[in-house]
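S.K.: My questions all concern the structure below.
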Amino acid sequence: MSTNKALLMKGIRYLAFAVPLMFIGPTIIHSSFKNQGHPFFIPILGIGILFCLGSMFLMFKGIQTMVKSLFDGDR
């Protein structure tokens, strides 16, 4: 049983894109809540939520891809 290294690198790449989004999303949400009187409050809050959801999706896909590369072998 061997590890599919190309698939493992793809999973690590997903995780590498997720890490910045994990910090950017909450920062944007926090700054939008500090400026609730601003007319762009709702769009900025939506962007922050999308960044957080994107981070969760990329984390899920990255871990799933890494597990698949470790346990499925050459399939």
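Ligands are numbered from 1 in the order shown, residues from 1 within each chain, and chains are lettered A, B, ... in the order they appear in the structure tokens.
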Would you pick out the contacts of Met22 of chain A at 10 Å or less, using only C-alpha atoms, so that residues sharing its chain but fewer than 3 positions from it are not included, and give the list as a list of chain:residue names?

M.R.: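 Listed by chain and then number, they are A:Phe17, A:Ala18, A:Val19, A:Gly25, A:Pro26, A:Thr27, A:Phe51, A:Cys52, A:Leu53, A:Gly54, A:Ser55, A:Met56, A:Met59.
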
S.K.: Could you pull out the helix (DSSP H, G or I) residues of segment 1-72 of chain A from DSSP and send them as JSON, numbers by chain?

M.R.: {"A": [5, 6, 7, 8, 9, 10, 11, 12, 13, 14, 15, 16, 17, 18, 19, 20, 21, 22, 23, 24, 25, 26, 27, 28, 29, 30, 31, 32, 33, 34, 41, 42, 43, 44, 45, 46, 47, 48, 49, 50, 51, 52, 53, 54, 55, 56, 57, 58, 59, 60, 61, 62, 63, 64, 65, 66, 67, 68, 69, 70, 71]}

S.K.: So that I can see what lies close to Ser31 of chain A, please list as a compact mmCIF listing (two decimals) with C-alpha atoms, in the first residue's frame the residues with an atom at most 12 Å from it, counting only C-alpha atoms and leaving out residues fewer than 5 positions away in the same chain.

M.R.:
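Below you can see out.txt, which holds the result:
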# COMPACT_ATOMS: atom_id res chain seq x y z
CA ILE A 24 -9.30 37.05 6.56
CA GLY A 25 -12.98 36.06 6.93
CA PRO A 26 -13.35 36.73 10.67
CA GLN A 36 -22.75 49.02 11.47
CA GLY A 37 -23.84 52.55 10.54
CA HIS A 38 -21.97 52.46 7.25
CA PHE A 40 -21.84 48.98 3.01
CA PHE A 41 -22.33 47.05 6.26
CA ILE A 42 -24.42 44.25 4.73
CA ILE A 44 -19.03 43.58 3.63
CA LEU A 45 -20.61 41.22 6.15
CA ILE A 47 -18.14 38.96 1.86
CA GLY A 48 -16.75 37.98 5.27

S.K.: Mind giving me the straight-line distance from atom CA of Asn35 of chain A to atom CA of Ile49 of chain A in Å, one decimal?

M.R.: 15.8 Å

S.K.: Rounded to one decimal, what separation in Å do you get between atom CA of Arg13 of chain A and atom CA of Phe71 of chain A?

M.R.: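 About the pair atom CA of Arg13 of chain A and atom CA of Phe71 of chain A: they are 18.5 Å apart.
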